[in-house]
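J.: Here's a structure for you.
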Amino acid sequence: MNLDLDQLQPYPFEKLNALKAGITPPAQPHIALSIGEPKHAAPQLVKQVLIEQLQHLSTYPNSKGLPELRKAIAAWCSRRFELDGALDAETQVLPVSGTREALFAFAQTVVDRTQPNPLVLCPNPFYQIYEGAAYLSGAQPHFLNCIAAKQFQPDFDAVPAAVWQRCQLLYLCSPGNPTGAVADAATLKKLIALADQYDFVIASDECYSEIYFDESHPPLGLLQVCKQLGRDDYRRCVVFHSLSKRSNVPGLRSGFVAGDADILKKFLLYRTYHGCAMPVHVQLASVAAWNDEQHVVDNRRLYRQKFDAVLEILDGVLDVSKPEAGFYLWAATPGDDTEFARELFRAQNVTVLPGQFLARASNGINPGYGRVRMALVATVEECVEAAKRVRRFVENH
Ligand SMILES: Cc1ncc(COP(=O)(O)O)c(C=O)c1O
């Protein structure tokens, strides 16, 4: 058996189930704020195309994807990230079956196992796929703590040169899961310079980029910063985007990677064997989704309503503020986060995810300790009810 598998940790939700085992919550309806699964309605236009194109169930898709999908994605990227058309649909875009598989597979493409002690750098707390991707590519993950005192951003200035020298791949997550923090232009420019200096690849996971609160200030993307630098070849830079959160279709399994053509050429080769080609009907439904912004604007309006209502209720009882983007609250708990989550479930039948399950101890601290993640994905009414129960719980303890 592959011994690298032994390094994988149980997924956070397995740890959560173990934490809740044996507890009987009160007999009011359960509300899950634990899973980041969008619950708003999937757009009708996507469903319509999917149904109309079901004859493609009889067609094998190819890994590179249809030209019309790659063109729709390139056009979307260009509009959204002000690329002025400088993204080549032929060589700089690839569809992926959700960013999860792509983020995982990407490390296998990038990491050179023949180099001594390769490192994959990633934020901490983090999306657990980065860690598994690092181990199974033959590297070690190196965690960069994201703490409140640093606006939940990794402290890149504190990374020693010896670590940058071993770094082959850097996962960024902006907007961050679970923190909602967004990387600024200065940070991204510095990281691009470091990638050039130490010859590593930046994988920027931007799958929450379309969930933000101020319509006039969408989060910045890595390709956008490349463009500002005149780096039209996006050398060493690849971004990961998804329809799951943007368009409320996590079950469609549709996303894309875009950026450095040389890297994507190798990634396409990898993917030919990997076998995660996107079904043709899913590709055509995805074209419809990337071409439409109205449903995304409507989606953001719902999140805005929810965050405003929930934060008003939690004001004064929990140390929590509106994130820059994304659909999570990253709330500080009075004391241990696992105890908070367990007792909240016991008292109020509300599930939140303990922060320490989303992070690893690094430099002597687990930056998820004393925080919980609350995903505001359910309806406004359910999220408001959950917030009231959290308030009651904190006031009673
Ligand atoms: C940070 C982050 N990246 C990637 C994903 C994967 O999303 P998908 O595979 O649906 O595109 C998720 C899903 O929750 C996520 O939180």
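As shown in the structure tokens, the chain order sets the letters A, B, ...; within each chain, residues go from 1, and ligands are also counted from 1 in the order they appear.
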Return as JSON, numbers by chain the residues of protein, DNA or RNA that approach ligand 1 to within 9 Å, with only C-alpha atoms and all ligand atoms taken into account.

T.: {"A": [35, 36, 37, 96, 97, 98, 99, 100, 101, 102, 103, 126, 127, 128, 129, 130, 173, 174, 175, 176, 177, 178, 205, 206, 207, 208, 240, 241, 242, 243, 244, 245, 249, 250, 251, 252, 253, 254, 255, 256]}

J.: Write out the residues from the selection above, keeping N, CA and C atoms, as a CSV table (one decimal), in the first residue's frame.

T.:
```
chain,number,residue,atom,x,y,z
A,35,ILE,N,-21.3,22.8,7.4
A,35,ILE,CA,-20.9,22.5,6.1
A,35,ILE,C,-21.0,23.6,5.1
A,36,GLY,N,-20.0,23.9,4.3
A,36,GLY,CA,-20.0,25.0,3.4
A,36,GLY,C,-20.6,24.6,2.1
A,37,GLU,N,-21.8,24.1,2.1
A,37,GLU,CA,-22.5,23.6,0.9
A,37,GLU,C,-23.6,24.6,0.6
A,96,VAL,N,-12.2,21.9,-15.1
A,96,VAL,CA,-11.9,20.9,-14.1
A,96,VAL,C,-13.2,20.5,-13.5
A,97,SER,N,-13.3,19.3,-13.0
A,97,SER,CA,-14.5,18.7,-12.4
A,97,SER,C,-14.7,19.2,-10.9
A,98,GLY,N,-14.8,20.5,-10.7
A,98,GLY,CA,-14.8,21.0,-9.4
A,98,GLY,C,-13.3,21.3,-9.0
A,99,THR,N,-13.1,22.3,-8.2
A,99,THR,CA,-11.7,22.7,-7.9
A,99,THR,C,-11.1,21.7,-6.9
A,100,ARG,N,-11.9,20.9,-6.2
A,100,ARG,CA,-11.3,20.0,-5.2
A,100,ARG,C,-10.4,19.0,-5.9
A,101,GLU,N,-10.9,18.3,-6.9
A,101,GLU,CA,-10.0,17.3,-7.6
A,101,GLU,C,-8.8,18.0,-8.3
A,102,ALA,N,-9.1,19.2,-8.8
A,102,ALA,CA,-8.0,19.9,-9.5
A,102,ALA,C,-6.9,20.4,-8.5
A,103,LEU,N,-7.3,20.9,-7.3
A,103,LEU,CA,-6.3,21.4,-6.3
A,103,LEU,C,-5.5,20.2,-5.9
A,126,PHE,N,-6.9,25.9,6.9
A,126,PHE,CA,-6.9,25.7,5.4
A,126,PHE,C,-7.9,24.7,5.0
A,127,TYR,N,-8.1,24.6,3.7
A,127,TYR,CA,-8.9,23.6,3.0
A,127,TYR,C,-8.1,22.3,3.0
A,128,GLN,N,-8.7,21.3,3.6
A,128,GLN,CA,-7.8,20.1,3.9
A,128,GLN,C,-7.2,19.4,2.7
A,129,ILE,N,-7.8,19.7,1.5
A,129,ILE,CA,-7.2,19.1,0.3
A,129,ILE,C,-5.8,19.4,0.1
A,130,TYR,N,-5.4,20.7,0.5
A,130,TYR,CA,-4.0,21.1,0.2
A,130,TYR,C,-3.0,20.2,0.9
A,173,CYS,N,-5.3,30.9,-0.6
A,173,CYS,CA,-6.8,30.7,-0.5
A,173,CYS,C,-7.3,32.1,-0.3
A,174,SER,N,-7.8,32.8,-1.3
A,174,SER,CA,-8.2,34.2,-1.2
A,174,SER,C,-9.4,34.4,-2.1
A,175,PRO,N,-10.6,34.7,-1.5
A,175,PRO,CA,-10.9,34.8,-0.1
A,175,PRO,C,-10.8,33.5,0.6
A,176,GLY,N,-10.3,33.7,1.9
A,176,GLY,CA,-9.9,32.5,2.6
A,176,GLY,C,-11.1,31.7,3.2
A,177,ASN,N,-11.0,30.4,3.2
A,177,ASN,CA,-11.8,29.5,3.9
A,177,ASN,C,-11.0,29.0,5.1
A,178,PRO,N,-11.3,29.3,6.3
A,178,PRO,CA,-12.6,29.9,6.9
A,178,PRO,C,-12.6,31.3,7.2
A,205,ASP,N,-6.3,29.5,-4.9
A,205,ASP,CA,-7.7,29.0,-4.8
A,205,ASP,C,-8.6,30.2,-4.6
A,206,GLU,N,-9.4,30.5,-5.6
A,206,GLU,CA,-10.2,31.7,-5.6
A,206,GLU,C,-11.7,31.3,-5.7
A,207,CYS,N,-12.0,30.2,-5.1
A,207,CYS,CA,-13.4,29.7,-5.4
A,207,CYS,C,-14.5,30.4,-4.6
A,208,TYR,N,-14.1,31.3,-3.7
A,208,TYR,CA,-15.1,32.2,-3.0
A,208,TYR,C,-15.0,33.6,-3.6
A,240,PHE,N,-7.6,28.9,-9.5
A,240,PHE,CA,-8.7,27.9,-9.4
A,240,PHE,C,-10.0,28.6,-9.1
A,241,HIS,N,-11.0,28.3,-10.0
A,241,HIS,CA,-12.3,28.9,-9.8
A,241,HIS,C,-13.4,27.9,-10.0
A,242,SER,N,-14.5,28.1,-9.4
A,242,SER,CA,-15.6,27.1,-9.3
A,242,SER,C,-16.9,27.7,-9.5
A,243,LEU,N,-17.8,26.9,-10.1
A,243,LEU,CA,-19.2,27.4,-10.1
A,243,LEU,C,-20.0,27.0,-8.8
A,244,SER,N,-19.4,26.2,-8.0
A,244,SER,CA,-20.1,25.6,-6.8
A,244,SER,C,-20.7,26.7,-6.0
A,245,LYS,N,-19.9,27.7,-5.6
A,245,LYS,CA,-20.3,28.8,-4.7
A,245,LYS,C,-20.9,29.9,-5.5
A,249,VAL,N,-24.2,25.6,-7.5
A,249,VAL,CA,-24.3,24.2,-8.1
A,249,VAL,C,-23.1,23.3,-7.7
A,250,PRO,N,-23.0,23.1,-6.4
A,250,PRO,CA,-21.9,22.2,-5.9
A,250,PRO,C,-22.0,20.8,-6.5
A,251,GLY,N,-23.2,20.4,-6.9
A,251,GLY,CA,-23.4,19.0,-7.5
A,251,GLY,C,-23.0,19.0,-8.9
A,252,LEU,N,-22.8,20.1,-9.6
A,252,LEU,CA,-22.5,20.1,-11.0
A,252,LEU,C,-21.1,19.6,-11.2
A,253,ARG,N,-20.2,19.9,-10.3
A,253,ARG,CA,-18.8,19.6,-10.3
A,253,ARG,C,-18.2,20.3,-11.5
A,254,SER,N,-18.1,21.6,-11.4
A,254,SER,CA,-17.6,22.4,-12.6
A,254,SER,C,-16.8,23.6,-12.1
A,255,GLY,N,-15.6,23.7,-12.6
A,255,GLY,CA,-14.7,24.8,-12.3
A,255,GLY,C,-13.7,24.9,-13.4
A,256,PHE,N,-12.6,25.7,-13.2
A,256,PHE,CA,-11.6,25.7,-14.2
A,256,PHE,C,-10.3,26.2,-13.5
```

J.: Mind checking which residues fall within 12 Å of Gly364 of chain A, counting only C-alpha atoms, ignoring those fewer than 5 positions away in the same chain, and posting them as a PDB file with N, CA, C and O atoms, in the first residue's frame?

T.:
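Printed below is out_36.pdb as written:
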```pdb
ATOM      1  N   PHE A 143       2.900  24.793   7.068  1.00  0.00           N
ATOM      2  CA  PHE A 143       1.725  25.608   7.384  1.00  0.00           C
ATOM      3  C   PHE A 143       2.099  27.019   7.811  1.00  0.00           C
ATOM      4  O   PHE A 143       3.003  27.213   8.627  1.00  0.00           O
ATOM      5  N   LEU A 144       1.377  27.982   7.268  1.00  0.00           N
ATOM      6  CA  LEU A 144       1.608  29.389   7.600  1.00  0.00           C
ATOM      7  C   LEU A 144       0.394  29.884   8.390  1.00  0.00           C
ATOM      8  O   LEU A 144      -0.720  29.994   7.839  1.00  0.00           O
ATOM      9  N   ASN A 145       0.614  30.153   9.663  1.00  0.00           N
ATOM     10  CA  ASN A 145      -0.505  30.512  10.537  1.00  0.00           C
ATOM     11  C   ASN A 145      -1.161  31.828  10.108  1.00  0.00           C
ATOM     12  O   ASN A 145      -0.469  32.810   9.800  1.00  0.00           O
ATOM     13  N   TYR A 369      -7.642  27.103  17.163  1.00  0.00           N
ATOM     14  CA  TYR A 369      -8.080  26.932  18.544  1.00  0.00           C
ATOM     15  C   TYR A 369      -8.831  28.194  19.001  1.00  0.00           C
ATOM     16  O   TYR A 369      -8.389  29.320  18.754  1.00  0.00           O
TER      17      TYR A 369
END
```

J.: Any idea what's packed within 10 Å of Glu312 of chain A, counting only C-alpha atoms, ignoring anything in its chain fewer than 6 positions away? Could you give it as a PyMOL selection string?

T.: chain A and resi 306+384+387

J.: Pick from A:Tyr198, A:Trp164, A:Tyr60, A:Phe357: nearest to Met278 of chain A, with only C-alpha atoms counted?

T.: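 With only C-alpha atoms as the atom set, the closest residue is A:Tyr60.
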
J.: Report the residues of segment 127-250 of chain A whose backbone DSSP state falls under strand (DSSP E or B), written as a list in words.

T.: Gln140, Pro141, His142, Phe143, Leu144, Asn145, Cys146, Pro154, Cys167, Gln168, Leu169, Leu170, Tyr171, Leu172, Cys173, Val201, Ile202, Ala203, Ser204, Asp205, Tyr212, Cys237, Val238, Val239, Phe240, His241 and Ser242 of chain A

J.: The selected residues should be written to file as an mmCIF file, in the first residue's frame (atoms: C-alpha atoms).

T.:
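File again.cif, as written:
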```
data_model
loop_
_atom_site.group_PDB
_atom_site.id
_atom_site.type_symbol
_atom_site.label_atom_id
_atom_site.label_comp_id
_atom_site.auth_asym_id
_atom_site.auth_seq_id
_atom_site.Cartn_x
_atom_site.Cartn_y
_atom_site.Cartn_z
ATOM 1 C CA GLN A 140 5.594 17.852 3.101
ATOM 2 C CA PRO A 141 3.046 20.574 3.854
ATOM 3 C CA HIS A 142 4.429 23.669 5.551
ATOM 4 C CA PHE A 143 1.725 25.608 7.384
ATOM 5 C CA LEU A 144 1.608 29.389 7.600
ATOM 6 C CA ASN A 145 -0.505 30.512 10.537
ATOM 7 C CA CYS A 146 -3.254 33.031 9.812
ATOM 8 C CA PRO A 154 -0.106 34.295 6.387
ATOM 9 C CA CYS A 167 9.076 25.435 -1.614
ATOM 10 C CA GLN A 168 7.829 24.012 -4.914
ATOM 11 C CA LEU A 169 4.192 24.963 -4.616
ATOM 12 C CA LEU A 170 2.346 27.634 -2.651
ATOM 13 C CA TYR A 171 -1.408 27.286 -2.147
ATOM 14 C CA LEU A 172 -3.133 30.581 -1.565
ATOM 15 C CA CYS A 173 -6.777 30.728 -0.538
ATOM 16 C CA VAL A 201 4.408 27.739 -8.525
ATOM 17 C CA ILE A 202 1.536 29.715 -6.988
ATOM 18 C CA ALA A 203 -1.842 27.927 -6.961
ATOM 19 C CA SER A 204 -4.401 30.543 -6.026
ATOM 20 C CA ASP A 205 -7.663 28.993 -4.842
ATOM 21 C CA TYR A 212 -18.584 39.472 -1.455
ATOM 22 C CA CYS A 237 0.738 31.460 -11.587
ATOM 23 C CA VAL A 238 -2.420 29.347 -11.812
ATOM 24 C CA VAL A 239 -5.857 30.249 -10.430
ATOM 25 C CA PHE A 240 -8.676 27.885 -9.445
ATOM 26 C CA HIS A 241 -12.313 28.935 -9.849
ATOM 27 C CA SER A 242 -15.567 27.118 -9.307
#
```

J.: Report as a PyMOL selection string all protein, DNA and RNA residues lying within 12 Å of Ala162 of chain A, evaluated on only C-alpha atoms, omitting residues in the same chain fewer than 3 positions from it.

T.: chain A and resi 117-119+158-159+165-167+198

J.: For each of A:Ala86, A:Ala183, A:Leu69, A:Ala75, take the minimum atom-to-atom distance to Ala325 of chain A, counting only C-alpha atoms, then give the residue where this is smallest.

T.: A:Ala183

J.: Compile the contact shell of Leu229 of chain A as a CSV table (one decimal) with N, CA, C and O atoms, in the first residue's frame: residues with an atom at most 12 Å away, counting only C-alpha atoms, same-chain residues fewer than 3 positions apart removed.

T.:
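Printed below is part.csv as written:
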```csv
chain,number,residue,atom,x,y,z
A,83,LEU,N,-8.6,41.7,-17.6
A,83,LEU,CA,-7.4,41.2,-18.3
A,83,LEU,C,-7.3,41.7,-19.7
A,83,LEU,O,-6.3,41.4,-20.4
A,185,ALA,N,-3.0,43.5,-3.3
A,185,ALA,CA,-2.1,43.6,-4.5
A,185,ALA,C,-0.6,43.5,-4.0
A,185,ALA,O,0.2,42.8,-4.7
A,186,ALA,N,-0.3,44.2,-3.0
A,186,ALA,CA,1.1,44.3,-2.6
A,186,ALA,C,1.6,42.9,-2.2
A,186,ALA,O,2.7,42.5,-2.6
A,188,LEU,N,0.3,40.0,-3.2
A,188,LEU,CA,0.4,39.1,-4.4
A,188,LEU,C,1.6,39.4,-5.2
A,188,LEU,O,2.3,38.5,-5.7
A,189,LYS,N,2.0,40.7,-5.3
A,189,LYS,CA,3.2,41.1,-6.1
A,189,LYS,C,4.4,40.6,-5.4
A,189,LYS,O,5.3,40.1,-6.1
A,190,LYS,N,4.4,40.7,-4.1
A,190,LYS,CA,5.6,40.1,-3.4
A,190,LYS,C,5.8,38.6,-3.6
A,190,LYS,O,6.9,38.1,-3.8
A,192,ILE,N,4.7,36.9,-6.2
A,192,ILE,CA,5.1,36.6,-7.5
A,192,ILE,C,6.6,36.8,-7.6
A,192,ILE,O,7.3,36.0,-8.3
A,193,ALA,N,7.1,37.8,-7.0
A,193,ALA,CA,8.6,38.0,-7.0
A,193,ALA,C,9.3,36.9,-6.3
A,193,ALA,O,10.4,36.4,-6.8
A,222,LEU,N,-5.3,36.7,-8.6
A,222,LEU,CA,-3.9,36.6,-8.9
A,222,LEU,C,-3.6,37.0,-10.4
A,222,LEU,O,-2.6,37.7,-10.7
A,223,LEU,N,-4.5,36.5,-11.3
A,223,LEU,CA,-4.2,36.9,-12.7
A,223,LEU,C,-4.3,38.4,-12.9
A,223,LEU,O,-3.6,39.0,-13.7
A,224,GLN,N,-5.2,39.0,-12.2
A,224,GLN,CA,-5.4,40.5,-12.3
A,224,GLN,C,-4.1,41.2,-11.9
A,224,GLN,O,-3.7,42.1,-12.6
A,225,VAL,N,-3.5,40.7,-10.9
A,225,VAL,CA,-2.2,41.3,-10.4
A,225,VAL,C,-1.1,41.0,-11.4
A,225,VAL,O,-0.3,41.9,-11.7
A,226,CYS,N,-1.1,39.8,-12.0
A,226,CYS,CA,-0.1,39.5,-13.1
A,226,CYS,C,-0.3,40.6,-14.2
A,226,CYS,O,0.7,41.1,-14.7
A,232,ASP,N,1.7,39.0,-18.9
A,232,ASP,CA,0.6,38.4,-19.7
A,232,ASP,C,0.7,36.9,-19.8
A,232,ASP,O,-0.2,36.2,-20.2
A,233,ASP,N,1.9,36.3,-19.6
A,233,ASP,CA,2.1,34.9,-19.7
A,233,ASP,C,1.7,34.2,-18.4
A,233,ASP,O,1.7,33.0,-18.3
A,234,TYR,N,1.4,35.0,-17.3
A,234,TYR,CA,1.0,34.5,-16.0
A,234,TYR,C,2.0,33.4,-15.5
A,234,TYR,O,1.7,32.5,-14.8
A,235,ARG,N,3.3,33.6,-15.8
A,235,ARG,CA,4.3,32.7,-15.5
A,235,ARG,C,4.3,32.3,-14.0
A,235,ARG,O,4.2,33.1,-13.1
```

J.: Using only C-alpha atoms, find the one residue out of A:Ser209, A:Pro67, A:Pro26, A:Gln197 that sits nearest to Ser247 of chain A.

T.: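 Result for the nearest residue to Ser247 of chain A: A:Ser209.
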
J.: Of the candidates A:Val110, A:Leu54, A:Leu376, A:Ala285, which shows the shortest atom-to-atom distance to Leu264 of chain A, using only C-alpha atoms?

T.: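 Of all the options, A:Val110 lies closest to Leu264 of chain A.
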
J.: Find the distance between atom CA of Phe152 of chain A and atom CA of Pro334 of chain A and write it in Å to one decimal.

T.: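 These atoms are spaced 18.8 Å apart.
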
J.: Quick one: distance from atom CA of Leu16 of chain A to atom CA of Gln108 of chain A in Å, one decimal?

T.: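 That distance, rounded to one decimal, is 29.1 Å.
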
J.: Could you pull the residues within 10 Å of Glu82 of chain A, counting only C-alpha atoms, minus those fewer than 2 positions along the same chain, as an mmCIF file with N, CA and C atoms, in the first residue's frame?

T.:
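out16.cif, freshly written:
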```cif
data_model
loop_
_atom_site.group_PDB
_atom_site.id
_atom_site.type_symbol
_atom_site.label_atom_id
_atom_site.label_comp_id
_atom_site.auth_asym_id
_atom_site.auth_seq_id
_atom_site.Cartn_x
_atom_site.Cartn_y
_atom_site.Cartn_z
ATOM 1 N N TRP A 76 -15.043 35.443 -19.272
ATOM 2 C CA TRP A 76 -15.461 35.782 -17.898
ATOM 3 C C TRP A 76 -14.263 36.309 -17.097
ATOM 4 N N CYS A 77 -13.154 35.596 -17.188
ATOM 5 C CA CYS A 77 -11.938 36.016 -16.460
ATOM 6 C C CYS A 77 -11.527 37.414 -16.892
ATOM 7 N N SER A 78 -11.614 37.647 -18.186
ATOM 8 C CA SER A 78 -11.168 38.939 -18.697
ATOM 9 C C SER A 78 -12.060 40.061 -18.162
ATOM 10 N N ARG A 79 -13.382 39.842 -18.144
ATOM 11 C CA ARG A 79 -14.313 40.848 -17.601
ATOM 12 C C ARG A 79 -14.087 41.020 -16.104
ATOM 13 N N ARG A 80 -14.017 39.933 -15.415
ATOM 14 C CA ARG A 80 -13.998 39.972 -13.950
ATOM 15 C C ARG A 80 -12.660 40.495 -13.416
ATOM 16 N N ASP A 84 -8.318 42.470 -20.099
ATOM 17 C CA ASP A 84 -8.271 43.079 -21.423
ATOM 18 C C ASP A 84 -8.065 42.023 -22.521
ATOM 19 N N GLY A 85 -8.725 40.914 -22.368
ATOM 20 C CA GLY A 85 -8.656 39.856 -23.388
ATOM 21 C C GLY A 85 -7.372 39.051 -23.381
ATOM 22 N N ALA A 86 -6.487 39.313 -22.417
ATOM 23 C CA ALA A 86 -5.175 38.654 -22.454
ATOM 24 C C ALA A 86 -5.159 37.309 -21.739
ATOM 25 N N GLY A 221 -7.876 39.182 -7.883
ATOM 26 C CA GLY A 221 -7.414 37.843 -8.236
ATOM 27 C C GLY A 221 -5.945 37.870 -8.644
ATOM 28 N N LEU A 223 -4.479 36.546 -11.305
ATOM 29 C CA LEU A 223 -4.239 36.884 -12.720
ATOM 30 C C LEU A 223 -4.327 38.397 -12.932
ATOM 31 N N GLN A 224 -5.239 39.030 -12.173
ATOM 32 C CA GLN A 224 -5.417 40.485 -12.264
ATOM 33 C C GLN A 224 -4.116 41.211 -11.896
ATOM 34 N N VAL A 225 -3.481 40.698 -10.852
ATOM 35 C CA VAL A 225 -2.229 41.320 -10.420
ATOM 36 C C VAL A 225 -1.121 41.047 -11.446
ATOM 37 N N LYS A 227 -1.572 40.780 -14.578
ATOM 38 C CA LYS A 227 -1.852 41.703 -15.683
ATOM 39 C C LYS A 227 -1.338 43.104 -15.336
ATOM 40 N N GLN A 228 -1.579 43.516 -14.084
ATOM 41 C CA GLN A 228 -1.093 44.844 -13.655
ATOM 42 C C GLN A 228 0.426 44.937 -13.769
#
```

J.: Mind giving me the straight-line distance from atom CA of Phe307 of chain A to atom CA of Tyr11 of chain A in Å, one decimal?

T.: 26.9 Å

J.: With only C-alpha atoms as the atoms that count, which of A:Pro125, A:Val163, A:Asp112, A:Asn396 lies nearest to Arg371 of chain A?

T.: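 Closest to Arg371 of chain A of all the choices is A:Pro125.
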